[in-house]
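Asker: For reference, this is start.cif, and it has mmCIF, C-alpha atoms.
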```cif
data_query
loop_
_atom_site.label_atom_id
_atom_site.label_comp_id
_atom_site.auth_asym_id
_atom_site.auth_seq_id
_atom_site.Cartn_x
_atom_site.Cartn_y
_atom_site.Cartn_z
CA MET A 726 15.06 -0.29 86.83
CA ALA A 727 13.45 -2.34 84.11
CA ASP A 728 15.23 -5.63 84.39
CA ASP A 729 16.08 -7.26 81.10
CA ARG A 730 13.79 -10.21 81.52
CA ASN A 731 10.59 -8.27 81.04
CA GLU A 732 11.09 -7.88 77.29
CA ALA A 733 9.89 -11.42 76.73
CA LEU A 734 6.85 -10.74 78.90
CA ASP A 735 6.19 -7.49 77.00
CA ARG A 736 6.23 -9.45 73.77
CA PHE A 737 3.93 -12.04 75.27
CA ILE A 738 1.44 -9.36 76.32
CA ASP A 739 1.57 -7.52 73.00
CA THR A 740 0.83 -10.71 71.07
CA LEU A 741 -1.93 -11.59 73.49
CA LEU A 742 -3.64 -8.22 73.13
CA GLU A 743 -3.38 -8.42 69.35
CA GLY A 744 -5.31 -11.67 69.58
CA GLY A 745 -2.39 -13.82 68.48
CA ARG A 746 -0.87 -16.95 69.93
CA PRO A 747 1.79 -15.78 72.36
CA ALA A 748 5.09 -17.63 72.35
CA PRO A 749 6.31 -18.80 75.72
CA ASP A 750 9.97 -18.18 74.89
CA GLY A 751 11.77 -16.32 77.61
CA VAL A 752 8.80 -16.08 79.97
CA VAL A 753 10.27 -17.83 83.00
CA GLY A 754 10.16 -18.09 86.76
CA ASP A 755 8.24 -15.34 88.49
CA GLU A 756 6.96 -14.05 85.21
CA ALA A 757 4.97 -17.17 84.45
CA PRO A 758 2.17 -16.33 86.90
CA MET A 759 2.22 -12.80 85.52
CA ALA A 760 1.75 -14.14 82.02
CA ARG A 761 -1.14 -16.27 83.17
CA LEU A 762 -2.78 -13.35 84.90
CA ALA A 763 -2.28 -11.23 81.79
CA ALA A 764 -4.02 -13.94 79.76
CA GLU A 765 -6.96 -14.01 82.17
CA LEU A 766 -7.23 -10.23 82.15
CA ALA A 767 -7.18 -10.17 78.36
CA ALA A 768 -9.91 -12.83 78.24
CA ALA A 769 -12.06 -10.90 80.71
CA SER A 770 -12.04 -7.86 78.46
CA ASP A 771 -13.02 -9.75 75.32
CA PRO A 772 -16.31 -8.23 74.13
CA THR A 773 -17.54 -11.57 72.76
CA ARG A 774 -16.77 -13.32 76.02
CA GLY A 775 -14.97 -16.10 74.29
CA VAL A 776 -17.71 -17.15 71.89
CA PRO A 777 -15.96 -19.44 69.41
CA ASP A 778 -15.62 -18.64 65.74
CA PRO A 779 -18.43 -20.51 63.92
CA ALA A 780 -15.95 -21.66 61.28
CA PHE A 781 -13.89 -23.26 64.00
CA VAL A 782 -16.92 -25.00 65.46
CA GLU A 783 -17.80 -26.52 62.07
CA GLN A 784 -14.20 -27.46 61.35
CA LEU A 785 -13.87 -29.25 64.66
CA ARG A 786 -17.15 -31.04 64.00
CA LEU A 787 -15.77 -32.39 60.72
CA ARG A 788 -12.51 -33.41 62.35
CA MET A 789 -14.40 -35.31 65.01
CA ARG A 790 -16.50 -37.11 62.42
CA ASP A 791 -13.33 -38.03 60.55
CA ALA A 792 -11.74 -39.32 63.70
CA ASP A 793 -14.86 -41.20 64.62
CA ALA A 794 -15.02 -42.80 61.18
CA GLY A 795 -11.30 -43.56 61.40
CA ILE A 796 -11.71 -45.31 64.71
CA SER A 797 -14.62 -47.40 63.58
CA SER A 798 -12.93 -48.25 60.28
CA VAL A 799 -9.84 -49.50 62.09
CA GLN A 800 -11.92 -51.54 64.46
CA GLU A 801 -14.62 -52.75 62.19
CA TRP A 802 -13.66 -52.31 58.63
CA ALA A 803 -14.09 -55.49 56.64
CA PRO A 804 -15.01 -54.82 53.03
CA PRO A 805 -17.18 -57.20 51.10
CA ALA A 806 -15.26 -59.49 48.78
CA GLY A 807 -14.86 -58.36 45.22
CA THR A 808 -14.99 -54.64 45.94
CA SER A 809 -12.90 -52.82 43.43
CA PHE A 810 -11.01 -49.63 43.89
CA ARG A 811 -12.27 -46.41 42.55
CA ARG A 812 -9.92 -43.77 41.46
CA ILE A 813 -11.03 -40.53 42.88
CA ARG A 814 -10.34 -36.95 42.15
CA LEU A 815 -11.91 -34.85 44.84
CA THR A 816 -12.89 -31.25 45.04
CA ARG A 817 -12.91 -29.43 48.33
CA ARG A 818 -16.65 -29.84 48.50
CA ASP A 819 -16.28 -33.55 47.94
CA LEU A 820 -13.78 -33.71 50.76
CA LEU A 821 -16.28 -32.19 53.13
CA ARG A 822 -18.79 -34.74 52.02
CA VAL A 823 -16.26 -37.49 52.56
CA GLY A 824 -15.74 -36.15 56.02
CA LEU A 825 -19.46 -36.50 56.61
CA GLY A 826 -19.94 -39.90 55.15
CA ALA A 827 -16.53 -41.48 55.75
CA ALA A 828 -15.51 -44.42 53.62
CA GLY A 829 -18.91 -45.10 52.17
CA GLY A 830 -19.16 -41.56 50.92
CA LEU A 831 -16.08 -41.87 48.77
CA ALA A 832 -18.09 -43.24 45.92
CA ALA A 833 -19.96 -39.98 45.58
CA GLY A 834 -18.64 -38.03 42.65
CA ALA A 835 -15.92 -40.53 41.94
CA SER A 836 -14.90 -41.64 38.53
CA MET A 837 -14.01 -45.22 37.84
CA SER A 838 -10.60 -46.16 36.67
CA SER A 839 -8.55 -49.27 36.43
CA ILE A 840 -6.42 -50.25 39.34
CA LEU A 841 -2.84 -50.96 38.62
CA ARG A 842 -1.40 -53.64 40.72
CA ALA A 843 2.29 -54.27 40.74
CA ALA A 844 3.95 -57.30 42.16
CA GLY A 845 6.82 -56.93 44.53
CA PRO A 846 7.81 -56.76 48.13
CA ALA A 847 5.96 -54.52 50.51
CA PRO A 848 8.09 -51.53 51.35
CA LEU A 849 6.54 -49.79 54.30
CA GLN A 850 6.29 -46.20 55.27
CA THR A 851 9.08 -43.69 54.89
CA ASN A 852 10.05 -41.21 57.62
CA GLY A 853 10.69 -44.22 59.83
CA ARG A 854 7.02 -44.21 60.73
CA PRO A 855 5.22 -47.27 59.48
CA LEU A 856 1.66 -46.64 58.43
CA GLY A 857 0.72 -50.08 59.59
CA VAL A 858 0.05 -51.10 56.01
CA ARG A 859 1.33 -54.65 55.88
CA ASP A 860 -1.07 -56.29 53.55
CA GLY A 861 -0.95 -53.57 50.94
CA GLU A 862 -0.85 -52.94 47.26
CA TRP A 863 0.20 -50.31 44.77
CA VAL A 864 -2.61 -48.14 43.51
CA ALA A 865 -2.40 -45.62 40.67
CA VAL A 866 -3.41 -42.21 41.91
CA ALA A 867 -2.03 -39.79 39.32
CA THR A 868 -0.33 -39.60 35.95
CA LEU A 869 2.87 -37.77 35.11
CA ASP A 870 1.21 -35.49 32.58
CA GLU A 871 -0.83 -34.01 35.43
CA LEU A 872 2.35 -33.16 37.27
CA PRO A 873 4.46 -30.42 35.77
CA GLU A 874 7.04 -28.94 38.15
CA GLY A 875 5.45 -27.38 41.20
CA ALA A 876 2.09 -29.10 40.64
CA ALA A 877 0.17 -31.18 43.14
CA VAL A 878 -2.58 -33.73 42.59
CA ARG A 879 -4.85 -34.72 45.39
CA PHE A 880 -5.57 -38.38 45.96
CA THR A 881 -7.45 -40.54 48.42
CA THR A 882 -6.94 -44.21 49.02
CA ILE A 883 -8.82 -46.50 51.31
CA ALA A 884 -6.23 -45.85 54.03
CA PHE A 885 -5.23 -42.21 53.72
CA GLY A 886 -5.35 -39.07 51.65
CA GLY A 887 -2.58 -36.90 50.34
CA PHE A 888 -0.96 -35.15 47.44
CA ILE A 889 1.35 -36.34 44.71
CA VAL A 890 3.68 -33.41 44.08
CA ASN A 891 6.39 -32.56 41.62
CA ASP A 892 9.05 -30.88 43.74
CA ALA A 893 11.52 -29.49 41.20
CA GLY A 894 11.55 -32.71 39.22
CA THR A 895 11.16 -35.11 42.14
CA ILE A 896 7.81 -36.86 42.37
CA ARG A 897 6.70 -37.71 45.87
CA ALA A 898 3.61 -38.36 47.94
CA LEU A 899 2.78 -36.25 50.98
CA SER A 900 0.07 -36.95 53.48
CA SER A 901 -2.56 -34.22 53.63
CA VAL A 902 -2.84 -34.49 57.40
CA CYS A 903 -1.25 -31.58 59.24
CA THR A 904 1.20 -32.84 61.86
CA HIS A 905 -0.13 -30.34 64.36
CA MET A 906 -3.75 -31.27 65.02
CA GLY A 907 -4.69 -33.34 62.04
CA CYS A 908 -6.50 -30.76 59.93
CA THR A 909 -6.62 -31.41 56.19
CA LEU A 910 -4.08 -29.40 54.21
CA TYR A 911 -4.85 -27.70 50.92
CA TYR A 912 -2.52 -26.94 48.05
CA ARG A 913 -1.69 -23.36 47.06
CA SER A 914 -0.19 -23.24 43.61
CA GLU A 915 0.98 -19.64 43.91
CA TRP A 916 3.11 -20.48 46.96
CA GLN A 917 3.72 -24.11 46.07
CA ASP A 918 2.96 -25.19 49.56
CA LEU A 919 0.44 -27.25 51.51
CA ARG A 920 -1.37 -24.95 53.86
CA CYS A 921 -3.31 -25.78 57.01
CA PRO A 922 -6.69 -24.04 57.28
CA CYS A 923 -6.69 -24.35 61.06
CA HIS A 924 -3.55 -22.48 62.14
CA ASN A 925 -1.82 -21.54 58.91
CA ALA A 926 1.10 -23.89 59.03
CA SER A 927 2.68 -24.21 55.58
CA PHE A 928 4.61 -27.23 54.36
CA ASN A 929 6.87 -27.11 51.32
CA LEU A 930 6.77 -29.74 48.62
CA ALA A 931 9.43 -31.72 50.47
CA GLY A 932 6.92 -32.01 53.33
CA GLU A 933 8.81 -29.79 55.76
CA LEU A 934 7.37 -26.90 57.74
CA ALA A 935 8.07 -23.85 55.57
CA ASN A 936 7.02 -20.98 57.81
CA GLY A 937 8.46 -22.14 61.14
CA ARG A 938 10.69 -20.12 63.38
CA ALA A 939 13.82 -21.59 61.81
CA SER A 940 13.01 -20.41 58.31
CA TRP A 941 10.89 -17.33 58.88
CA SER A 942 12.36 -13.88 59.39
CA GLU A 943 10.98 -10.39 59.82
CA GLU A 944 12.56 -9.26 56.54
CA THR A 945 11.71 -12.07 54.21
CA GLY A 946 8.58 -13.31 55.94
CA TYR A 947 6.88 -16.26 54.33
CA ALA A 948 4.08 -15.99 51.82
CA GLY A 949 2.80 -12.83 53.44
CA ASP A 950 2.58 -14.31 56.94
CA ILE A 951 3.13 -11.64 59.57
CA ARG A 952 4.80 -14.00 62.00
CA ALA A 953 6.51 -17.35 62.11
CA TYR A 954 4.46 -20.43 62.87
CA PRO A 955 5.21 -20.83 66.57
CA ILE A 956 5.63 -24.59 66.91
CA ASP A 957 8.30 -26.75 65.29
CA LEU A 958 6.17 -29.35 63.57
CA PRO A 959 7.52 -32.67 62.31
CA PRO A 960 7.48 -33.15 58.54
CA LEU A 961 4.47 -34.63 56.79
CA VAL A 962 4.23 -38.38 56.45
CA ARG A 963 5.55 -39.42 53.04
CA PRO A 964 3.87 -42.57 51.75
CA ASP A 965 5.93 -44.72 49.40
CA ILE A 966 5.40 -44.23 45.71
CA LYS A 967 6.70 -45.56 42.45
CA VAL A 968 6.30 -44.53 38.86
CA VAL A 969 5.31 -47.12 36.27
CA GLY A 970 5.14 -45.70 32.77
CA GLN A 971 2.95 -42.65 33.07
CA ASP A 972 1.31 -43.74 36.28
CA VAL A 973 2.24 -42.71 39.78
CA LEU A 974 1.44 -45.47 42.28
CA VAL A 975 1.12 -45.20 45.99
CA TRP A 976 1.46 -48.02 48.50
CA THR A 977 -1.71 -48.43 50.47
CA ALA A 978 -3.86 -50.89 52.36
CA LYS A 979 -5.33 -53.72 50.38
CA VAL A 980 -9.02 -54.14 49.84
CA MET B 394 -20.01 -59.15 56.56
CA ALA B 395 -23.00 -57.28 57.80
CA ARG B 396 -21.02 -55.00 60.03
CA ALA B 397 -19.09 -53.54 57.16
CA ASP B 398 -22.31 -52.44 55.55
CA ARG B 399 -23.39 -50.52 58.56
CA PRO B 400 -23.71 -46.89 57.53
CA ARG B 401 -21.19 -44.71 59.30
CA ASP B 402 -23.43 -41.80 60.02
CA PRO B 403 -22.16 -39.31 62.52
CA ARG B 404 -23.34 -40.49 65.89
CA PRO B 405 -26.34 -38.28 66.56
CA ARG B 406 -26.00 -38.55 70.31
CA PHE B 407 -22.40 -37.42 70.20
CA GLU B 408 -23.16 -34.53 67.89
CA ALA B 409 -25.86 -33.36 70.24
CA ILE B 410 -23.38 -33.39 73.08
CA TYR B 411 -20.94 -31.43 70.96
CA ASP B 412 -23.52 -28.80 70.01
CA GLN B 413 -24.58 -28.48 73.58
CA HIS B 414 -21.12 -28.00 75.04
CA VAL B 415 -18.75 -26.57 72.46
CA LEU B 416 -19.61 -22.96 73.24
CA ALA B 417 -19.24 -23.35 76.99
CA ILE B 418 -16.04 -25.37 76.81
CA HIS B 419 -14.46 -22.89 74.44
CA ARG B 420 -15.39 -20.04 76.76
CA PHE B 421 -14.09 -21.91 79.77
CA VAL B 422 -10.75 -22.50 78.06
CA TYR B 423 -10.54 -19.05 76.51
CA ALA B 424 -11.05 -17.40 79.89
CA ARG B 425 -7.90 -19.20 81.04
CA VAL B 426 -5.55 -18.85 78.09
CA GLY B 427 -6.71 -15.46 76.80
CA ASN B 428 -6.14 -16.06 73.08
CA ARG B 429 -8.16 -17.76 70.39
CA PRO B 430 -5.53 -19.89 68.65
CA ASP B 431 -4.66 -21.67 71.89
CA ALA B 432 -8.28 -21.77 73.05
CA GLU B 433 -9.24 -23.48 69.79
CA ASP B 434 -6.41 -25.98 70.10
CA LEU B 435 -7.39 -26.92 73.62
CA THR B 436 -11.09 -27.08 72.82
CA GLY B 437 -10.15 -29.35 69.93
CA GLN B 438 -8.17 -31.57 72.27
CA VAL B 439 -11.10 -31.89 74.64
CA PHE B 440 -13.55 -33.01 71.98
CA MET B 441 -11.11 -35.17 70.06
CA ARG B 442 -10.50 -36.98 73.29
CA ALA B 443 -14.23 -37.22 73.82
CA VAL B 444 -14.55 -38.98 70.46
CA GLU B 445 -12.28 -41.71 71.74
CA GLN B 446 -13.17 -41.93 75.38
CA LEU B 447 -16.48 -40.34 76.24
CA ASP B 448 -19.25 -42.76 77.04
CA VAL B 449 -22.21 -40.96 75.50
CA ASP B 450 -24.73 -43.10 77.34
CA ARG B 451 -23.84 -41.59 80.67
CA PRO B 452 -26.35 -39.22 82.26
CA ALA B 453 -26.02 -35.61 81.12
CA PRO B 454 -24.52 -34.16 84.32
CA GLN B 455 -21.73 -36.73 84.24
CA ILE B 456 -20.98 -35.96 80.62
CA SER B 457 -20.80 -32.28 81.39
CA ALA B 458 -18.53 -32.95 84.36
CA TRP B 459 -16.28 -35.15 82.26
CA LEU B 460 -15.88 -32.49 79.59
CA TYR B 461 -15.09 -29.75 82.09
CA ARG B 462 -12.61 -31.95 83.88
CA VAL B 463 -10.78 -32.76 80.67
CA ALA B 464 -10.84 -29.07 79.77
CA GLN B 465 -9.50 -28.12 83.16
CA ASN B 466 -6.68 -30.61 82.80
CA ALA B 467 -5.91 -29.40 79.30
CA VAL B 468 -5.57 -25.85 80.61
CA ALA B 469 -3.42 -26.98 83.54
CA ASP B 470 -1.18 -28.93 81.17
CA TYR B 471 -0.96 -25.93 78.87
CA TRP B 472 0.36 -23.66 81.56
CA ARG B 473 2.52 -26.28 83.14
CA ALA B 474 4.12 -27.35 79.90
CA PHE B 475 4.69 -23.84 78.65
CA TYR B 476 5.72 -22.13 81.81
CA ARG B 477 6.66 -24.92 84.16
CA LEU B 478 4.24 -23.65 86.76
CA PRO B 479 3.53 -25.88 89.71
CA GLN B 480 0.19 -27.57 89.54
CA VAL B 481 -2.25 -25.54 91.62
CA ASP B 482 -5.24 -27.77 91.22
CA VAL B 483 -4.36 -30.94 93.13
CA ASN B 484 -7.46 -32.99 92.35
CA LYS B 485 -6.33 -33.81 88.84
CA VAL B 486 -7.96 -37.07 87.90
CA ALA B 487 -7.98 -37.21 84.15
CA GLY B 488 -11.19 -38.43 82.66
CA SER B 489 -12.62 -39.82 85.84
CA TRP B 490 -16.31 -39.85 86.57
CA GLU B 491 -16.20 -37.83 89.71
CA PRO B 492 -19.10 -35.70 90.80
CA VAL B 493 -19.24 -32.36 89.10
CA THR B 494 -17.48 -29.54 90.91
CA PRO B 495 -19.59 -26.44 91.54
CA GLN B 496 -17.16 -24.22 89.67
CA ALA B 497 -17.01 -26.45 86.65
CA SER B 498 -20.73 -26.91 86.33
CA ARG B 499 -21.53 -23.24 86.29
CA HIS B 500 -23.05 -21.95 83.13
CA ALA B 501 -20.67 -20.34 80.68
CA ASP B 502 -22.23 -16.90 80.97
CA ALA B 503 -22.02 -17.03 84.72
CA GLU B 504 -18.42 -18.07 84.22
CA ALA B 505 -17.70 -14.92 82.23
CA VAL B 506 -19.48 -12.72 84.76
CA ARG B 507 -17.54 -14.34 87.55
CA ALA B 508 -14.27 -13.65 85.74
CA GLU B 509 -15.21 -10.04 85.17
CA THR B 510 -16.21 -9.56 88.79
CA ALA B 511 -12.99 -11.16 89.91
CA VAL B 512 -11.00 -8.79 87.71
CA ARG B 513 -12.83 -5.75 89.05
CA GLY B 514 -12.29 -6.95 92.59
CA LEU B 515 -8.63 -7.50 91.93
CA LEU B 516 -8.15 -4.06 90.45
CA LYS B 517 -9.83 -2.47 93.46
CA GLN B 518 -7.25 -3.96 95.78
CA LEU B 519 -4.31 -2.62 93.82
CA PRO B 520 -2.65 0.76 94.25
CA LYS B 521 -4.38 3.26 92.01
CA GLN B 522 -1.67 3.66 89.38
CA TYR B 523 -1.31 -0.11 89.10
CA ALA B 524 -5.03 -0.59 88.67
CA ARG B 525 -5.15 2.18 86.10
CA VAL B 526 -2.38 0.79 83.92
CA LEU B 527 -3.91 -2.68 83.91
CA GLU B 528 -7.32 -1.27 83.15
CA LEU B 529 -6.05 0.78 80.21
CA ARG B 530 -3.90 -1.98 78.82
CA PHE B 531 -6.07 -5.04 79.35
CA LEU B 532 -9.65 -3.89 79.73
CA HIS B 533 -9.49 -1.07 77.20
CA ARG B 534 -6.78 -2.77 75.17
CA LEU B 535 -4.80 0.39 74.57
CA SER B 536 -1.24 0.18 73.29
CA VAL B 537 1.67 0.96 75.59
CA ALA B 538 2.05 4.35 73.85
CA GLU B 539 -1.63 5.23 74.30
CA THR B 540 -1.55 4.07 77.90
CA ALA B 541 1.52 6.21 78.56
CA ALA B 542 -0.19 9.23 77.03
CA ARG B 543 -3.28 8.75 79.19
CA LEU B 544 -1.17 8.46 82.31
CA GLY B 545 1.09 11.33 81.33
CA ILE B 546 4.24 9.25 81.64
CA SER B 547 6.88 8.01 79.22
CA LYS B 548 6.45 4.81 77.27
CA GLY B 549 9.34 3.26 79.16
CA ASN B 550 7.76 4.10 82.48
CA ALA B 551 4.42 2.74 81.34
CA LYS B 552 6.10 -0.59 80.61
CA VAL B 553 7.75 -0.63 84.01
CA LEU B 554 4.48 0.29 85.67
CA GLN B 555 2.67 -2.49 83.81
CA TYR B 556 5.34 -4.95 84.87
CA ARG B 557 5.12 -4.02 88.52
CA ALA B 558 1.34 -3.95 88.49
CA LEU B 559 1.20 -7.44 87.02
CA ARG B 560 3.74 -8.74 89.50
CA LYS B 561 1.85 -7.31 92.42
CA ALA B 562 -1.48 -8.58 91.12
CA ALA B 563 -0.08 -12.04 90.42
CA LEU B 564 1.23 -12.22 93.98
CA MET B 565 -2.16 -11.24 95.34
CA VAL B 566 -3.92 -13.86 93.25
CA GLU B 567 -1.49 -16.52 94.41
CA THR B 568 -1.80 -15.74 98.09
CA ASP B 569 -5.58 -15.56 97.78
CA GLY B 570 -5.40 -19.13 96.51
#
```
Starting from the file, give its structure as structure tokens.

Answerer:
Amino acid sequence: MADDRNEALDRFIDTLLEGGRPAPDGVVGDEAPMARLAAELAAASDPTRGVPDPAFVEQLRLRMRDADAGISSVQEWAPPAGTSFRRIRLTRRDLLRVGLGAAGGLAAGASMSSILRAAGPAPLQTNGRPLGVRDGEWVAVATLDELPEGAAVRFTTIAFGGFIVNDAGTIRALSSVCTHMGCTLYYRSEWQDLRCPCHNASFNLAGELANGRASWSEETGYAGDIRAYPIDLPPLVRPDIKVVGQDVLVWTAKV
Amino acid sequence: MARADRPRDPRPRFEAIYDQHVLAIHRFVYARVGNRPDAEDLTGQVFMRAVEQLDVDRPAPQISAWLYRVAQNAVADYWRAFYRLPQVDVNKVAGSWEPVTPQASRHADAEAVRAETAVRGLLKQLPKQYARVLELRFLHRLSVAETAARLGISKGNAKVLQYRALRKAALMVETDG
């Protein structure tokens, strides 16, 4: 009497009642309104009545400030002549401060370093997605001795932030912006991945989603995650880099 | 250029709007998707959109109405995209400055109370066993096994009962409009 379709709905409900993000797979037709009702019933029984997690509220606030600063920098940004680049190594705390103060705040805690400029044509963005950096330049953001295999060095340029990683001998740059909702990824050396603090997506050092449904299984799991990340996210943006001597340079907008 | 030197402080007016509404919008969305990860995503969408599009100089009631409308649309899109449900709410005008709807303007706490009352009312209309299984599973959040034990039936039968109860209840909700 139980028709075979209700297994997907059962799974949906179990995930829902565990507080997880239920996957829509297999919930179809007549069962869709049932799923929605189940969601509303589950919400009605929540003892906190849907009060948001304070950490989420603060995280979203920072994301909005970032976005706001991003919008105004695109529309209004015109640096004074003669500004020089600063090479910046940021801690997590610094990043938060950057989020607060946007471009102007970058100077805080930064150490000066020479800028390496290299002549040459302007190769644009990889991944087939141009960053819109036409009038750009190469900027040194890391040195090879900081990058043994599996290591990652955080960098920030005037246009974007990311990591220079050594993926089994290959040096590449990866954007630190999660391709889901734009949260800032952090590096976990023990897993050699870039992890999203918002919904726990993990990207490997090639920039691909590492704990998605394609690669995750019940047996092997991924880095202790109890379930696969439910959305197939596109890979991280990979800015162009080149190595000159000991320096790793990234292509970015020109001051 | 003078403009470049302008400090990029967070816009105080916008932050005030955020502080004032984030709790209520999250609750509004959560009541409709029933899980935190999705509720946080949708709440994020609402406010990220507000960063780009919300005119913070509008009067407060219009700002509130705008946020609720965007939230309502986000929820409708969520269910439609995931489950291909027909759009129930026909007055979908994304981001417009229409007058606030009574339902949307209600305070978040009232919203929660309304939802709870609606659930109780719904359960009352269902056959007893149906109401009981939904109550145990959803309101008390018992597992299928625990629910089965309470009802004195097998786990398999508890699943079937839950399925039928949900189907019946969903039909009632739909016909009620």

Asker: What is the distance between atom CA of His414 of chain B and atom CA of Glu743 of chain A, in Å to one decimal?

Answerer: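 The value is 27.0 Å.
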
Asker: With only C-alpha atoms counted and 6 Å as the cut-off, give the residues of chain B in contact with chain A, each with its shortest interatomic distance in Å and the pair that gives it, as CSV.

Answerer:
```
residue,atom,partner,partner_atom,distance
B:Ala397,CA,A:Ala803,CA,5.4
B:Arg420,CA,A:Gly775,CA,4.7
B:Tyr423,CA,A:Gly775,CA,5.8
B:Ala424,CA,A:Ala768,CA,5.0
B:Arg425,CA,A:Glu765,CA,5.4
B:Val426,CA,A:Ala764,CA,5.4
B:Gly427,CA,A:Ala764,CA,4.3
B:Asn428,CA,A:Gly744,CA,5.7
B:Pro430,CA,A:Arg746,CA,5.7
B:Tyr476,CA,A:Ala757,CA,5.7
B:Glu509,CA,A:Ala769,CA,5.5
B:Phe531,CA,A:Ala767,CA,5.3
B:Leu532,CA,A:Ser770,CA,4.8
B:Val553,CA,A:Ala727,CA,6.0
B:Leu559,CA,A:Met759,CA,5.7
B:Arg560,CA,A:Met759,CA,5.9
B:Ala563,CA,A:Met759,CA,5.5
```

Asker: So, counting all atoms listed in the file, which residue among B:Glu445, B:Leu460, B:Met565, B:Pro454 is closest to Val512 of chain B?

Answerer: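 Checking each of B:Glu445, B:Leu460, B:Met565, B:Pro454 against Val512 of chain B, counting all atoms listed in the file, the winner is B:Met565.
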
Asker: Using only C-alpha atoms, which protein or nucleic acid residues come within 9 Å of Lys561 of chain B? Drop anything in the same chain fewer than 5 positions from it, and give the result as number ranges by chain.

Answerer: A: 759; B: 519, 523, 556, 566

Asker: Between B:Ala464, B:Leu447, B:Gly545, B:Ala562, which has the minimum distance to Glu433 of chain B (counting all atoms listed in the file)?

Answerer: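 Ranked by minimum distance to Glu433 of chain B, first place goes to B:Ala464.
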
Asker: Any idea what the distance is between atom CA of Asn936 of chain A and atom CA of Arg913 of chain A?

Answerer: 14.0 Å

Asker: Residues proximal to (-23.6, -40.0, 78.6) were defined as those with any atom within 12 Å of that point in the file's coordinates, counting only C-alpha atoms. Which are they, as an mmCIF file with C-alpha atoms, in the coordinates of the input?

Answerer:
```
data_model
loop_
_atom_site.group_PDB
_atom_site.id
_atom_site.type_symbol
_atom_site.label_atom_id
_atom_site.label_comp_id
_atom_site.auth_asym_id
_atom_site.auth_seq_id
_atom_site.Cartn_x
_atom_site.Cartn_y
_atom_site.Cartn_z
ATOM 1 C CA ARG B 406 -26.000 -38.550 70.310
ATOM 2 C CA PHE B 407 -22.400 -37.420 70.200
ATOM 3 C CA ALA B 409 -25.860 -33.360 70.240
ATOM 4 C CA ILE B 410 -23.380 -33.390 73.080
ATOM 5 C CA TYR B 411 -20.940 -31.430 70.960
ATOM 6 C CA ALA B 443 -14.230 -37.220 73.820
ATOM 7 C CA GLN B 446 -13.170 -41.930 75.380
ATOM 8 C CA LEU B 447 -16.480 -40.340 76.240
ATOM 9 C CA ASP B 448 -19.250 -42.760 77.040
ATOM 10 C CA VAL B 449 -22.210 -40.960 75.500
ATOM 11 C CA ASP B 450 -24.730 -43.100 77.340
ATOM 12 C CA ARG B 451 -23.840 -41.590 80.670
ATOM 13 C CA PRO B 452 -26.350 -39.220 82.260
ATOM 14 C CA ALA B 453 -26.020 -35.610 81.120
ATOM 15 C CA PRO B 454 -24.520 -34.160 84.320
ATOM 16 C CA GLN B 455 -21.730 -36.730 84.240
ATOM 17 C CA ILE B 456 -20.980 -35.960 80.620
ATOM 18 C CA SER B 457 -20.800 -32.280 81.390
ATOM 19 C CA ALA B 458 -18.530 -32.950 84.360
ATOM 20 C CA TRP B 459 -16.280 -35.150 82.260
ATOM 21 C CA LEU B 460 -15.880 -32.490 79.590
ATOM 22 C CA TRP B 490 -16.310 -39.850 86.570
#
```

Asker: Pull out every residue that the PyMOL selection byres ((chain A and resi 957) around 12) matches in the shown coordinates and put them as a list of chain:residue names.

Answerer: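 Residues picked by the PyMOL selection byres ((chain A and resi 957) around 12): A:Ala748, A:Thr904, A:His905, A:Ala926, A:Ser927, A:Phe928, A:Glu933, A:Leu934, A:Ala935, A:Asn936, A:Gly937, A:Arg938, A:Ala939, A:Ser940, A:Trp941, A:Ala953, A:Tyr954, A:Pro955, A:Ile956, A:Leu958, A:Pro959, A:Pro960.
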
Asker: Show which residues sit within 7 Å of Leu930 of chain A, as a PyMOL selection string. Count all atoms listed in the file, and ignore same-chain residues fewer than 6 positions away.

Answerer: chain A and resi 890+892+917-918

Asker: Taking 3 positions as the minimum chain separation for residues in the same chain, which residues sit within 10 Å of segment 966-968 of chain A when counting only C-alpha atoms? Answer as a ChimeraX atom specification.

Answerer: /A:843,848,850-851,863-869,889,896-899,963,971-977

Asker: How far is it from atom CA of Ser914 of chain A to atom CA of Phe880 of chain A, in Å with one decimal?

Answerer: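 Between atom CA of Ser914 of chain A and atom CA of Phe880 of chain A the gap works out to 16.2 Å.
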
Asker: Mind telling me what the PyMOL selection byres ((chain A and resi 961) around 6) catches here, as a PyMOL selection string?

Answerer: chain A and resi 900+932+960+962
